[in-house]
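A short write-up of the structure that comes next.
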Amino acid sequence: MATAKPILYNAWISSCSHRVRIALNLKGVDYEYRSVNPLTDPDYEKINPIKYIPALVDGDIVISDSLAISLYLEDKYPAHPLLPKDLKRKALNLQIANIVCSSIQPLQGYAVIGLHKGNMSSDQSLQIVQHYIDKGFRAIEKLLDGCESKYATGDDVQLSDVFLEPQIHAGINRFQIDMSKYPILARLHDAYMEIPAFQAALPKNQPDAPSS
Amino acid sequence: MAVGKPILYSAWISSCSFRVRIALNLKGVDYEYRAVAWNDPDYEKINPIKFVPALVDGDFVVSDSLAIILYLEDKYSQHPLLPQDLKKKAINLQIANIVCSSIQPLQCYAVIGLLDGRLGSDDSFQIVHTYIDKGFRAIEKLLEGCDSKYATGDEIQLADVFLAPQIHAGVTRFQIDMSNYPLLERFYKAYMEIPAFEVAVPEKQPDAPSPV
């Protein structure tokens with residue numbers, strides 16, 4: 001009996017969804033892309049009660065939160081492991097991923113929603129986003145000080161890279177971040193853009209991206 | 001050669017530190033508690049983003065409570081915190097991430113905003129309540145029908161380690177009415193019966209202020 005493809009509920013512009021698209025591509029997982037706007041789709045709450053994207057449905061498993069999904073994919077699809085066996089490097093990958101998904105993006109999301117709802121001005125919103133991106137990026141630059149490897153924690157793409165690229169991409173394309181202040185991250189971003197799995201996951205390449 | 005005890009950089013009131021204290025206690029790890037004062041300039045060398053907690057284990061430094069706890073999970077095999085079953089493992093990670101990405105960073109933003117004078121006390125309180133309520137309601141839905149002792153079974157797992165500090169903060173600092181969240185209220189009472197949780201509570205830490 002053919003197993004159905006996993007379904008990824010996501011949206012083109014969502015940086016959290018972008019992370020999971022990269023992970024699925026790296027692992028060669030063929031998935032069904034289901035575009036969803038949680039603000040306007042009342043049924044989505046049954047998939048993810050907190051109404052954030054992404055969510056993955058794989059058989060009878062429904063998971064949300066990009067880190068939980070990524071770690072599930074890591075267990076289920078062994079192609080292109082994203083976490084090293086070495087405990088120090090594994091921890092560094094998780095730390096960097098968490099700086100992005102706990103210390104940067106939630107505040108970015110808060111500011112974007114605040115602007116959307118009219119609770120703050122566009123200047124205030126942008127200021128909050130830039131403050132938290134700067135704080136997180138400066139910390140990551142210090143953590144990776146002296147990094148000479150091709151990617152953040154070695155010469156293979158790992159979990160930290162999967163989380164870094166969508167945040168860098170959002171910073172450049174949506175929030176006027178000047179990447180010259182973060183030379184290691186700028187170099188890594190250029191390296192990521194050479195990789196087909198990253199290219200295919202870009203927001204502009206998604207089926208629900210607006211045509212220019 | 002004697003190996004030094006791991007050092008936990010922590011602050012009594014920090015719910016992120018509280019999570020790691022619970023995990024260390026559950027795993028029977030004897031550690032040195034090092035209190036970090038607010039805005040300690042030396043702490044940046046330990047964690048460039050200047051958040052607590054951080055763990056120093058030999059020559060190795062890791063920050064971010066989820067990265068630390070997953071490191072402890074690999075290194076110290078006592079009391080495993082993640083099930084082997086992929087579905088149960090994923091729900092544990094999802095709940096942990098709701099707390100550490102969707103609730104606590106916004107709570108922290110509101111608390112710091114109040115301390116900095118950028119937010120009035122009403123606004124600060126409102127933000128905390130909004131995000132705790134949103135997260136707790138989602139977790140209640142995810143765990144609907146749960147009749148096990150703890151969140152994902154009759155053993156303490158990762159979800160419980162993350163839930164207890166968030167509920168504790170809600171109850172003791174932010175006037176959250178737990179009768180709105182009956183499952184979480186039931187779990188919290190069960191957690192507070194467990195010594196590993198009890199000794200980790202903020203009020204019992206070496207840097208907690210003496211009761212008036």
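Scheme for the structure tokens: letters A, B, ... for chains in order shown; per-chain residue numbers from 1; ligand numbers from 1 in order shown.
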Quiz item: Excluding same-chain residues fewer than 4 positions from Val161 in chain B, what lies within 7 Å of it counting only C-alpha atoms, as a ChimeraX atom specification?
Solution: /B:19,22-23,157
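Interface residues of chain A facing chain B, defined by any atom at most 6 Å away and using only C-alpha atoms, are Pro49, Ile50, Asp65, Ala68, Ala91, Leu94, Gln95, Ser102 and Ala139 of chain A.
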Filtering to all heavy atoms, could you give me those residues as a short mmCIF file (atom, residue, chain, number, x, y, z; two decimals), in the first residue's frame?
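Written file, result-v1.cif:
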```cif
data_model
loop_
_atom_site.label_atom_id
_atom_site.label_comp_id
_atom_site.auth_asym_id
_atom_site.auth_seq_id
_atom_site.Cartn_x
_atom_site.Cartn_y
_atom_site.Cartn_z
N PRO A 49 -3.44 23.87 17.54
CA PRO A 49 -4.28 24.70 18.41
C PRO A 49 -3.72 26.10 18.68
O PRO A 49 -4.49 27.00 19.00
CB PRO A 49 -4.36 23.91 19.72
CG PRO A 49 -3.94 22.55 19.41
CD PRO A 49 -3.06 22.60 18.19
N ILE A 50 -2.41 26.29 18.56
CA ILE A 50 -1.89 27.63 18.79
C ILE A 50 -1.94 28.47 17.51
O ILE A 50 -1.63 29.66 17.53
CB ILE A 50 -0.47 27.60 19.42
CG1 ILE A 50 -0.19 28.87 20.21
CG2 ILE A 50 0.62 27.34 18.39
CD1 ILE A 50 1.02 28.81 21.13
N ASP A 65 5.50 23.33 15.37
CA ASP A 65 6.72 23.97 15.86
C ASP A 65 7.90 23.46 15.05
O ASP A 65 8.18 22.25 15.01
CB ASP A 65 6.96 23.72 17.34
CG ASP A 65 8.03 24.64 17.85
OD1 ASP A 65 9.22 24.30 17.68
OD2 ASP A 65 7.70 25.73 18.34
N ALA A 68 10.45 21.10 16.78
CA ALA A 68 9.90 19.75 17.02
C ALA A 68 9.79 18.99 15.71
O ALA A 68 10.14 17.80 15.63
CB ALA A 68 8.53 19.86 17.70
N ALA A 91 25.33 20.40 20.69
CA ALA A 91 24.79 21.43 21.58
C ALA A 91 24.89 22.81 20.94
O ALA A 91 23.97 23.62 21.05
CB ALA A 91 25.53 21.41 22.91
N LEU A 94 22.09 23.21 18.51
CA LEU A 94 20.81 23.44 19.18
C LEU A 94 20.76 24.84 19.79
O LEU A 94 19.71 25.50 19.77
CB LEU A 94 20.58 22.37 20.24
CG LEU A 94 20.23 21.00 19.66
CD1 LEU A 94 20.47 19.88 20.67
CD2 LEU A 94 18.78 20.95 19.18
N GLN A 95 21.89 25.30 20.31
CA GLN A 95 21.92 26.65 20.90
C GLN A 95 21.65 27.71 19.84
O GLN A 95 20.84 28.62 20.04
CB GLN A 95 23.28 26.89 21.57
CG GLN A 95 23.38 28.23 22.27
CD GLN A 95 24.68 28.40 23.02
OE1 GLN A 95 25.37 27.43 23.36
NE2 GLN A 95 25.05 29.65 23.33
N SER A 102 13.82 31.12 19.61
CA SER A 102 13.28 31.62 20.88
C SER A 102 13.65 33.06 21.16
O SER A 102 12.90 33.76 21.85
CB SER A 102 13.80 30.78 22.06
OG SER A 102 13.29 29.46 21.98
N ALA A 139 25.31 37.95 18.99
CA ALA A 139 25.65 36.83 19.87
C ALA A 139 26.16 35.64 19.05
O ALA A 139 27.14 34.98 19.42
CB ALA A 139 24.44 36.41 20.70
#
```
Quiz prompt | Residues flagged strand (DSSP E) by DSSP in chain B, as a PyMOL selection string | solution = chain B and resi 7-10+32-35+54-57+60-63
Written selection (N, CA and C atoms) as a CSV table (one decimal), in the first residue's frame:
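Ended up saving to out28.csv:
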```csv
chain,number,residue,atom,x,y,z
B,7,ILE,N,28.8,23.4,36.2
B,7,ILE,CA,28.4,24.7,36.8
B,7,ILE,C,27.2,25.2,36.1
B,8,LEU,N,26.2,25.5,36.9
B,8,LEU,CA,25.0,26.1,36.3
B,8,LEU,C,25.0,27.6,36.6
B,9,TYR,N,25.1,28.4,35.6
B,9,TYR,CA,24.8,29.8,35.8
B,9,TYR,C,23.3,30.0,35.7
B,10,SER,N,22.8,30.6,36.7
B,10,SER,CA,21.3,30.6,36.9
B,10,SER,C,20.9,31.9,37.7
B,32,GLU,N,27.3,22.8,40.6
B,32,GLU,CA,27.6,24.0,41.4
B,32,GLU,C,26.6,25.1,40.9
B,33,TYR,N,26.0,25.7,41.8
B,33,TYR,CA,25.0,26.8,41.4
B,33,TYR,C,25.8,28.1,41.4
B,34,ARG,N,25.8,28.8,40.3
B,34,ARG,CA,26.5,30.1,40.3
B,34,ARG,C,25.4,31.2,39.9
B,35,ALA,N,25.1,32.0,40.8
B,35,ALA,CA,24.1,33.0,40.6
B,35,ALA,C,24.6,34.1,39.7
B,54,ALA,N,23.2,29.0,31.7
B,54,ALA,CA,24.3,28.5,30.9
B,54,ALA,C,24.9,27.3,31.7
B,55,LEU,N,25.4,26.3,31.0
B,55,LEU,CA,26.0,25.2,31.7
B,55,LEU,C,27.4,25.1,31.3
B,56,VAL,N,28.3,25.0,32.3
B,56,VAL,CA,29.7,24.7,31.9
B,56,VAL,C,30.0,23.3,32.4
B,57,ASP,N,30.4,22.5,31.5
B,57,ASP,CA,30.7,21.1,31.9
B,57,ASP,C,32.1,20.8,31.3
B,60,PHE,N,33.5,22.8,28.3
B,60,PHE,CA,32.4,23.0,27.3
B,60,PHE,C,31.3,23.9,27.9
B,61,VAL,N,30.9,24.9,27.1
B,61,VAL,CA,29.9,25.8,27.6
B,61,VAL,C,28.7,25.7,26.7
B,62,VAL,N,27.5,25.6,27.2
B,62,VAL,CA,26.3,25.6,26.4
B,62,VAL,C,25.2,26.5,27.0
B,63,SER,N,24.5,27.2,26.2
B,63,SER,CA,23.4,28.0,26.7
B,63,SER,C,22.1,27.7,26.0
```
Self-check item: Residue contacts of Tyr52 in chain A (9 Å, only C-alpha atoms) excluding same-chain residues fewer than 3 positions away, as a ChimeraX atom specification
Solution: /A:10,38,44-45,48-49,55,64-65
Self-check item: Ser180 in chain A environment, 12 Å, only C-alpha atoms, sequence neighbours closer than 6 positions dropped, as a list in words
Solution: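 After dropping sequence-adjacent residues, the list is Asp134, Phe137, Arg138, Glu141, Ile168, Ile172, Ala186, Arg187 and His189 of chain A.
For the pair CA of Tyr31 in chain B and CA of Gln107 in chain B, the separation is 27.9 Å.
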Quiz item: Could you work out how far CA of Pro196 in chain A lies from CA of Ile133 in chain A, giving the answer in Å with one decimal?
Solution: 25.8 Å
Exercise. Name the residues in contact with Ser17 in chain A at a cut-off of 8 Å, using only C-alpha atoms, excluding same-chain residues fewer than 6 positions from it; report them as JSON, numbers by chain.
Key: {"A": [10, 11, 53, 54, 66]}
Let me see the file: selected residues, N, CA and C atoms, as a PDB file, in the first residue's frame.
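again.pdb, freshly written:
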```pdb
ATOM      1  N   ASN A  10       1.919  25.422   5.598  1.00  0.00           N
ATOM      2  CA  ASN A  10       2.900  26.502   5.734  1.00  0.00           C
ATOM      3  C   ASN A  10       2.497  27.673   4.861  1.00  0.00           C
ATOM      4  N   ALA A  11       3.326  28.692   4.833  1.00  0.00           N
ATOM      5  CA  ALA A  11       3.083  29.838   3.967  1.00  0.00           C
ATOM      6  C   ALA A  11       4.418  30.343   3.461  1.00  0.00           C
ATOM      7  N   ILE A  53       2.086  28.502  12.006  1.00  0.00           N
ATOM      8  CA  ILE A  53       2.656  27.585  11.022  1.00  0.00           C
ATOM      9  C   ILE A  53       4.154  27.518  11.252  1.00  0.00           C
ATOM     10  N   PRO A  54       4.784  26.422  10.845  1.00  0.00           N
ATOM     11  CA  PRO A  54       4.262  25.278  10.105  1.00  0.00           C
ATOM     12  C   PRO A  54       3.691  24.167  10.985  1.00  0.00           C
ATOM     13  N   SER A  66       8.596  24.396  14.442  1.00  0.00           N
ATOM     14  CA  SER A  66       9.634  24.012  13.491  1.00  0.00           C
ATOM     15  C   SER A  66      10.741  23.177  14.125  1.00  0.00           C
TER      16      SER A  66
END
```
Self-check item: Selection near range 153-166 of chain A, 8 Å with only C-alpha atoms, sequence-local residues under 3 positions removed, as number ranges by chain
Solution: A: 15-16, 18-20, 22-23, 81-84, 89, 92-94, 96-97, 100-101, 147, 149-150, 169-170, 189, 192
Would you mind exporting the chosen residues as a CSV table (one decimal), in the first residue's frame, restricted to N, CA and C atoms?
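Written output follows (part_25.csv):
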```csv
chain,number,residue,atom,x,y,z
A,15,SER,N,9.1,32.4,8.1
A,15,SER,CA,10.5,32.0,8.3
A,15,SER,C,10.6,30.6,9.0
A,16,CYS,N,9.6,30.4,9.9
A,16,CYS,CA,9.5,29.1,10.6
A,16,CYS,C,9.3,28.0,9.6
A,18,HIS,N,9.9,28.1,6.4
A,18,HIS,CA,11.1,28.1,5.5
A,18,HIS,C,12.2,27.1,6.1
A,19,ARG,N,12.4,27.1,7.4
A,19,ARG,CA,13.3,26.2,8.0
A,19,ARG,C,12.9,24.7,7.7
A,20,VAL,N,11.7,24.4,7.8
A,20,VAL,CA,11.2,23.0,7.7
A,20,VAL,C,11.3,22.6,6.2
A,22,ILE,N,13.6,23.7,4.1
A,22,ILE,CA,15.0,23.4,3.9
A,22,ILE,C,15.3,21.9,4.4
A,23,ALA,N,14.8,21.6,5.6
A,23,ALA,CA,15.1,20.3,6.2
A,23,ALA,C,14.5,19.2,5.3
A,81,PRO,N,21.9,13.7,7.9
A,81,PRO,CA,21.7,14.0,9.3
A,81,PRO,C,22.0,15.5,9.6
A,82,LEU,N,21.1,16.1,10.5
A,82,LEU,CA,21.3,17.5,10.8
A,82,LEU,C,22.0,17.8,12.1
A,83,LEU,N,22.1,16.7,12.9
A,83,LEU,CA,22.8,16.9,14.2
A,83,LEU,C,24.0,16.0,14.3
A,84,PRO,N,25.2,16.6,14.6
A,84,PRO,CA,26.4,15.8,14.7
A,84,PRO,C,26.3,14.8,15.9
A,89,ARG,N,29.3,19.8,19.5
A,89,ARG,CA,28.9,20.4,18.2
A,89,ARG,C,27.4,20.3,18.1
A,92,LEU,N,26.0,23.1,20.3
A,92,LEU,CA,26.2,24.4,19.6
A,92,LEU,C,25.1,24.6,18.5
A,93,ASN,N,24.8,23.5,17.8
A,93,ASN,CA,23.7,23.6,16.8
A,93,ASN,C,22.4,23.9,17.4
A,94,LEU,N,22.1,23.2,18.5
A,94,LEU,CA,20.8,23.4,19.2
A,94,LEU,C,20.8,24.8,19.8
A,96,ILE,N,22.3,27.6,18.7
A,96,ILE,CA,22.1,28.6,17.6
A,96,ILE,C,20.7,28.5,17.1
A,97,ALA,N,20.2,27.3,16.9
A,97,ALA,CA,18.8,27.1,16.4
A,97,ALA,C,17.8,27.8,17.4
A,100,VAL,N,17.7,31.6,17.3
A,100,VAL,CA,16.8,32.1,16.3
A,100,VAL,C,15.3,31.9,16.7
A,101,CYS,N,15.0,30.6,17.1
A,101,CYS,CA,13.6,30.4,17.3
A,101,CYS,C,13.0,30.8,18.6
A,147,CYS,N,35.3,31.1,13.1
A,147,CYS,CA,34.8,30.0,12.3
A,147,CYS,C,35.4,30.0,10.9
A,149,SER,N,35.0,27.1,8.9
A,149,SER,CA,34.4,26.0,8.1
A,149,SER,C,33.5,26.5,7.1
A,150,LYS,N,33.0,25.7,6.2
A,150,LYS,CA,32.2,26.1,5.1
A,150,LYS,C,30.8,26.6,5.6
A,169,HIS,N,17.6,35.6,5.7
A,169,HIS,CA,16.8,36.0,4.5
A,169,HIS,C,15.7,37.0,4.9
A,170,ALA,N,15.0,36.7,6.0
A,170,ALA,CA,13.9,37.6,6.4
A,170,ALA,C,14.6,39.0,6.8
A,189,HIS,N,25.4,33.0,4.5
A,189,HIS,CA,24.3,33.2,3.7
A,189,HIS,C,24.7,33.0,2.2
A,192,TYR,N,24.9,29.3,1.6
A,192,TYR,CA,23.6,28.6,1.5
A,192,TYR,C,23.0,28.8,0.2
```
Exercise. Write out as a list in words the residues lying within 9 Å of Phe187 in chain B, counting only C-alpha atoms and excluding same-chain residues fewer than 2 positions away.
Key: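 The contact residues come out as Lys149, Tyr150, Ala151, Asp160, Leu163, Ala164, Pro182, Leu183, Leu184, Glu185, Lys189, Ala190, Tyr191 and Met192 of chain B.
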Selection to disk with N, CA and C atoms, as a JSON list (two decimals), in the first residue's frame:
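Output file selection.json follows:
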```json
[["chain", "number", "residue", "atom", "x", "y", "z"],
["B", 149, "LYS", "N", -0.79, 10.53, 34.60],
["B", 149, "LYS", "CA", -0.37, 11.27, 35.81],
["B", 149, "LYS", "C", 0.25, 12.63, 35.42],
["B", 150, "TYR", "N", 1.05, 12.58, 34.34],
["B", 150, "TYR", "CA", 1.72, 13.80, 33.90],
["B", 150, "TYR", "C", 1.33, 14.07, 32.45],
["B", 151, "ALA", "N", 1.96, 15.03, 31.83],
["B", 151, "ALA", "CA", 1.48, 15.51, 30.53],
["B", 151, "ALA", "C", 1.41, 14.44, 29.44],
["B", 160, "ASP", "N", 6.89, 18.15, 30.87],
["B", 160, "ASP", "CA", 6.65, 18.49, 32.28],
["B", 160, "ASP", "C", 7.74, 19.43, 32.81],
["B", 163, "LEU", "N", 6.82, 22.74, 31.46],
["B", 163, "LEU", "CA", 5.53, 23.27, 31.92],
["B", 163, "LEU", "C", 5.60, 23.79, 33.35],
["B", 164, "ALA", "N", 6.25, 23.04, 34.25],
["B", 164, "ALA", "CA", 6.22, 23.41, 35.67],
["B", 164, "ALA", "C", 6.70, 24.84, 35.91],
["B", 182, "PRO", "N", -7.58, 23.36, 33.42],
["B", 182, "PRO", "CA", -7.69, 22.30, 34.43],
["B", 182, "PRO", "C", -6.62, 21.22, 34.33],
["B", 183, "LEU", "N", -6.22, 20.85, 33.12],
["B", 183, "LEU", "CA", -5.17, 19.82, 33.00],
["B", 183, "LEU", "C", -3.87, 20.34, 33.58],
["B", 184, "LEU", "N", -3.50, 21.56, 33.19],
["B", 184, "LEU", "CA", -2.24, 22.13, 33.66],
["B", 184, "LEU", "C", -2.27, 22.33, 35.17],
["B", 185, "GLU", "N", -3.44, 22.70, 35.68],
["B", 185, "GLU", "CA", -3.58, 22.86, 37.13],
["B", 185, "GLU", "C", -3.34, 21.52, 37.83],
["B", 189, "LYS", "N", -0.01, 20.57, 40.44],
["B", 189, "LYS", "CA", -0.13, 20.01, 41.81],
["B", 189, "LYS", "C", 0.71, 18.73, 41.90],
["B", 190, "ALA", "N", 0.67, 17.91, 40.85],
["B", 190, "ALA", "CA", 1.46, 16.67, 40.85],
["B", 190, "ALA", "C", 2.96, 16.98, 40.84],
["B", 191, "TYR", "N", 3.37, 17.99, 40.06],
["B", 191, "TYR", "CA", 4.81, 18.34, 40.00],
["B", 191, "TYR", "C", 5.31, 18.77, 41.37],
["B", 192, "MET", "N", 4.49, 19.53, 42.09],
["B", 192, "MET", "CA", 4.96, 20.09, 43.35],
["B", 192, "MET", "C", 5.08, 19.03, 44.44]]
```
Quiz item: In terms of the shortest atom-to-atom distance over only C-alpha atoms, which of A:Leu185, A:His116, A:Leu73, A:Lys204 is closest to Leu39 in chain A?
Solution: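 Of all the options, A:His116 lies closest to Leu39 in chain A.
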Quiz prompt | Which of range 4-210 of chain A fall in helix (DSSP H, G or I), as a PyMOL selection string | solution = chain A and resi 15-26+44-47+66-76+87-117+122-143+159-174+179-181+183-192+196-201+203-205
Quiz item: Hey, which of B:Gln175, B:Ile127, B:Gly28, B:Ala208 ends up closest to Asn119 in chain A? Count only C-alpha atoms.
Solution: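 For Asn119 in chain A, the nearest of the candidates is B:Ile127.
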